[in-house]
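Enquirer: Have a look at this one before I ask anything.
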Amino acid sequence: MATCFSDLHCHAALFSFNRLYPDTWHEQFSPVFPAQGNFSQLARGNVRVVMVSLYPVEQGFVTVKPLNIGVGDITDLLAKIIVDMPKERANEIQDFNHSYFNDLLKELNFLQHSALPVAHRVRLKGLKWKKFSYRIVSDFNDLKNILNLDNNLNPGANAENIIAVILTIEGAHVLGVGQRNTLHEDISDLKTILSENIAKLKKLGPPGKEGTWCPFFISLEHHFWNQLGGHAVSLWKVIRKVMDQTPGINSGISDLGKFVVDELLSTSNGRRILIDNAHMSIKVRRWYYNYLSQRSDNIPLMVSHTGVNGKATMADAEMPGTQETIHDVADKLYKKSTEFNPWDIFITDEEIMIIHNSGGIIGLNLDQRIMMGKKRLDEIKKLVRGKSVHEKCEIWIEPLLNEILHIAGHILLQTGQPEKIWDNISIGSDFNGMITPIKAFRNAEKFPLLHDYLLKGLLKMAGTVPPLFNKSEADIREITDKIMWKNNLLFLEKHFH
């Protein structure tokens, strides 16, 4: 059968749910952030294992910064322009009593509504159609059975037309904090709410199978202050001028955040939910790395969707500035950047080793600005002008190759163990997460093309850089397969049970 792929971070239901489409398979052109990773696109792109990130849209996305307006026609228009969100959905999110946790449950129900036994006809090339389905899996053994994986994690015949879905969450605001109606609540009351919602989260599942849909991982932070800890700079251009990301930005972890981490990682209240480092401020990341180092249960570190910032240490990467000036600092840094985006939301060499030593995983985001610095992006945009499709693919794959080889090369330099340097790298596309993807590989349908040009790029560089010294074609094919498929599955095999 055709080569299969996995994605560590994809918002497969986000657009369908928030644009009020009838189901997760629905395809409808949108000029504003067109769909990149809905289930029809995943099916066509042979993505057969997808970690679907559930994300209740934060109220900060429907609040106009200059006027601090959070309800009404202006913010309805803003939501429509920025994410193509209908007025009634924007109004629901803007409501003072809006509950992120209830919103999470609604998105999950929407996702499940289109799952097995539902089978959907998906248009392939030309006039061909084929039926596909997906199912939320409960653990790695369930995933292995549904895809008929062999002992080498090669998929069987079932993978021709079924997708295995692992539930994940972006942003711990989903637990019922960071809402307009919680910002001034008593901490003891919030702890009660958080404890109750985490218990409910760990018991998610169909009747009689409670707990089987417990999410695999959750990120503690996202774009806006959630009362748990500081988020890193993540918005740019006009979006950051319209939306107010400044409250709590770059701060450390709060007492509430520490409480949530303990509850999520506990196994006494249900299955452990791993914590995703994505969007954490450096202060929170430092705390979390130290916190895990003092535990004795070997919890892996992970970041589901990120880029390499090229900085040696977190101290080197940490951006100076107050809440009011930090975005200007970030913009100036990016304007001067070359190979990598230097923002401190992305991982340093120091963190590459911390994650590697923990047996963790790094999902590389496919957003243009996350993958490279401004100078490199400007060069690529010029280089692709007037080029053939093949030539454009060869050019656009280079930033991903740079990131992969940087990670592998640094691990090799630090460990001297070439056989382990590829084990922590995967794709966490962030499709449908309001990204601007590299154009040649702009949606999940392009995963086969991404695989082929990644393979070609690595083969072309064989023997020219230390990570690829003494590597045969078979070795490089295996490396490509690990990045595009197997590393995510090996991580699931170890920790999703």
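The way I read the labels, and the way they are meant: chains A, B, ... in the order of the structure tokens, residue 1 as the first residue of every chain, and ligand 1 as the first ligand shown, with later ones counted on from there.
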Quick one: DSSP helix (DSSP H, G or I) residues in stretch 197-427 of chain A, as a PyMOL selection string?
Expert: chain A and resi 197-202+237-242+255-265+282-293+314-317+326-335+349-357+368-371+374-383+389-396+398-415+418-420
Enquirer: With C-alpha atoms retained, export the selected residues as a short mmCIF file (atom, residue, chain, number, x, y, z; two decimals), in the first residue's frame.
Expert:
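Saved the output as out10.cif:
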```cif
data_model
loop_
_atom_site.label_atom_id
_atom_site.label_comp_id
_atom_site.auth_asym_id
_atom_site.auth_seq_id
_atom_site.Cartn_x
_atom_site.Cartn_y
_atom_site.Cartn_z
CA ASN A 197 -12.85 19.62 35.15
CA ILE A 198 -9.57 17.68 35.09
CA ALA A 199 -11.42 14.72 36.62
CA LYS A 200 -14.08 15.04 33.90
CA LEU A 201 -11.38 15.30 31.24
CA LYS A 202 -9.79 12.07 32.39
CA LYS A 237 1.92 41.79 11.97
CA VAL A 238 -1.59 43.24 12.00
CA ILE A 239 -2.99 40.47 14.22
CA ARG A 240 -0.88 41.47 17.21
CA LYS A 241 -1.87 45.11 16.72
CA VAL A 242 -5.57 44.24 16.78
CA ASP A 255 0.24 28.70 41.96
CA LEU A 256 -2.84 27.68 39.98
CA GLY A 257 -0.57 26.52 37.16
CA LYS A 258 1.50 24.38 39.52
CA PHE A 259 -1.71 22.84 40.86
CA VAL A 260 -2.89 22.03 37.33
CA VAL A 261 0.44 20.43 36.36
CA ASP A 262 0.29 18.16 39.41
CA GLU A 263 -3.31 17.17 38.66
CA LEU A 264 -2.70 16.49 34.95
CA LEU A 265 0.39 14.35 35.55
CA ILE A 282 10.81 30.62 28.87
CA LYS A 283 10.18 31.26 32.56
CA VAL A 284 7.49 28.58 32.62
CA ARG A 285 9.63 26.18 30.58
CA ARG A 286 12.56 26.60 32.99
CA TRP A 287 10.26 25.86 35.91
CA TYR A 288 8.78 22.81 34.18
CA TYR A 289 12.14 21.31 33.22
CA ASN A 290 13.33 21.70 36.81
CA TYR A 291 10.05 20.32 38.16
CA LEU A 292 10.33 17.16 36.06
CA SER A 293 14.00 16.70 36.99
CA MET A 314 17.37 29.69 26.98
CA ALA A 315 19.32 32.59 28.50
CA ASP A 316 20.55 33.54 25.02
CA ALA A 317 17.06 33.26 23.55
CA ILE A 326 7.97 42.87 23.98
CA HIS A 327 6.19 42.68 20.61
CA ASP A 328 8.30 45.55 19.25
CA VAL A 329 11.41 43.72 20.48
CA ALA A 330 10.22 40.54 18.74
CA ASP A 331 9.48 42.37 15.48
CA LYS A 332 12.96 43.95 15.44
CA LEU A 333 14.62 40.59 16.11
CA TYR A 334 12.71 38.98 13.27
CA LYS A 335 13.57 41.77 10.81
CA ASP A 349 19.93 23.87 21.51
CA GLU A 350 19.80 23.51 25.28
CA GLU A 351 16.17 22.41 25.05
CA ILE A 352 16.84 20.04 22.17
CA MET A 353 19.09 18.08 24.52
CA ILE A 354 16.68 18.26 27.46
CA ILE A 355 13.92 16.81 25.26
CA HIS A 356 16.24 14.23 23.71
CA ASN A 357 17.50 13.04 27.10
CA GLN A 368 6.78 29.84 6.90
CA ARG A 369 7.89 32.32 9.56
CA ILE A 370 8.33 29.65 12.21
CA MET A 371 10.57 27.55 9.96
CA LYS A 374 13.26 36.78 7.47
CA LYS A 375 16.35 36.86 5.24
CA ARG A 376 15.89 33.22 4.30
CA LEU A 377 12.16 33.60 3.68
CA ASP A 378 12.69 36.65 1.47
CA GLU A 379 15.33 34.74 -0.52
CA ILE A 380 13.05 31.78 -1.04
CA LYS A 381 10.14 33.94 -2.19
CA LYS A 382 12.42 35.44 -4.84
CA LEU A 383 13.94 32.10 -5.85
CA VAL A 389 6.47 22.92 -9.53
CA HIS A 390 9.41 20.54 -9.09
CA GLU A 391 11.88 23.39 -8.61
CA LYS A 392 9.59 25.14 -6.12
CA CYS A 393 9.35 21.96 -4.05
CA GLU A 394 13.13 21.63 -4.01
CA ILE A 395 13.45 25.21 -2.77
CA TRP A 396 10.64 25.15 -0.16
CA GLU A 398 15.24 23.52 2.35
CA PRO A 399 14.10 25.28 5.59
CA LEU A 400 12.67 22.00 6.92
CA LEU A 401 15.91 20.23 6.03
CA ASN A 402 17.86 22.94 7.88
CA GLU A 403 15.81 22.48 11.04
CA ILE A 404 16.03 18.68 10.94
CA LEU A 405 19.78 18.68 10.36
CA HIS A 406 20.29 21.31 13.05
CA ILE A 407 18.50 19.15 15.63
CA ALA A 408 20.19 15.91 14.56
CA GLY A 409 23.58 17.60 14.25
CA HIS A 410 23.40 19.13 17.72
CA ILE A 411 22.41 15.82 19.33
CA LEU A 412 25.29 14.13 17.48
CA LEU A 413 27.72 16.79 18.67
CA GLN A 414 26.62 16.40 22.28
CA THR A 415 26.26 12.60 22.44
CA PRO A 418 24.68 8.72 15.51
CA GLU A 419 22.13 5.93 15.83
CA LYS A 420 19.88 7.99 18.15
#
```
Enquirer: Please report, as an mmCIF file with N, CA and C atoms, in the first residue's frame, each residue of stretch 244-463 of chain A to which DSSP assigns strand (DSSP E) when run on this structure's backbone.
Expert:
```
data_model
loop_
_atom_site.group_PDB
_atom_site.id
_atom_site.type_symbol
_atom_site.label_atom_id
_atom_site.label_comp_id
_atom_site.auth_asym_id
_atom_site.auth_seq_id
_atom_site.Cartn_x
_atom_site.Cartn_y
_atom_site.Cartn_z
ATOM 1 N N LEU A 274 -0.040 14.068 29.439
ATOM 2 C CA LEU A 274 1.266 14.715 29.264
ATOM 3 C C LEU A 274 1.085 16.207 28.984
ATOM 4 N N ILE A 275 2.126 16.966 29.286
ATOM 5 C CA ILE A 275 2.081 18.411 29.082
ATOM 6 C C ILE A 275 2.984 18.801 27.920
ATOM 7 N N ASP A 276 2.399 19.535 27.015
ATOM 8 C CA ASP A 276 3.050 20.008 25.796
ATOM 9 C C ASP A 276 3.675 21.378 26.084
ATOM 10 N N MET A 302 7.888 17.159 25.654
ATOM 11 C CA MET A 302 7.441 17.206 24.264
ATOM 12 C C MET A 302 7.026 18.628 23.897
ATOM 13 N N VAL A 303 7.159 18.915 22.625
ATOM 14 C CA VAL A 303 6.625 20.159 22.081
ATOM 15 C C VAL A 303 6.007 19.793 20.740
ATOM 16 N N SER A 304 4.694 19.966 20.641
ATOM 17 C CA SER A 304 3.951 19.390 19.522
ATOM 18 C C SER A 304 4.119 20.143 18.210
ATOM 19 N N HIS A 305 4.383 21.440 18.276
ATOM 20 C CA HIS A 305 4.536 22.215 17.044
ATOM 21 C C HIS A 305 5.445 23.406 17.352
ATOM 22 N N THR A 306 6.602 23.416 16.741
ATOM 23 C CA THR A 306 7.586 24.453 17.067
ATOM 24 C C THR A 306 8.550 24.620 15.910
ATOM 25 N N ILE A 361 9.675 14.184 22.241
ATOM 26 C CA ILE A 361 9.398 14.352 20.811
ATOM 27 C C ILE A 361 9.277 15.834 20.473
ATOM 28 N N ILE A 362 9.753 16.195 19.273
ATOM 29 C CA ILE A 362 9.705 17.567 18.760
ATOM 30 C C ILE A 362 8.942 17.550 17.450
ATOM 31 N N GLY A 363 7.779 18.197 17.422
ATOM 32 C CA GLY A 363 7.008 18.306 16.187
ATOM 33 C C GLY A 363 7.342 19.615 15.492
ATOM 34 N N LEU A 364 7.792 19.525 14.247
ATOM 35 C CA LEU A 364 8.178 20.723 13.500
ATOM 36 C C LEU A 364 6.980 21.307 12.769
ATOM 37 N N ILE A 425 12.477 13.598 16.276
ATOM 38 C CA ILE A 425 12.013 14.574 15.287
ATOM 39 C C ILE A 425 10.785 14.049 14.555
ATOM 40 N N SER A 426 9.749 14.890 14.483
ATOM 41 C CA SER A 426 8.561 14.514 13.717
ATOM 42 C C SER A 426 7.925 15.771 13.136
ATOM 43 N N ILE A 427 6.803 15.587 12.466
ATOM 44 C CA ILE A 427 6.046 16.717 11.926
ATOM 45 C C ILE A 427 4.853 16.991 12.826
#
```
Enquirer: For each of A:Phe469, A:Phe17, A:Tyr134, A:Phe140, take the minimum atom-to-atom distance to A:Glu107, counting only C-alpha atoms, then give the residue where this is smallest.
Expert: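 Among the listed residues, the smallest separation from A:Glu107 belongs to A:Phe17.
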Enquirer: For a quick check of understanding, using only C-alpha atoms, which of A:His11, A:Lys482, A:His113, A:Arg48 has the smallest distance to A:Ala157?
Expert: A:Arg48
Enquirer: For A:Glu170, work out the shell of residues within 7 Å, counting only C-alpha atoms and skipping chain neighbours fewer than 4 positions away, then give it as a list in words.
Expert: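 Contacts, with the query itself left out: Ser53, Leu54, Tyr55, Ile218, Ser219 and His222 of chain A.
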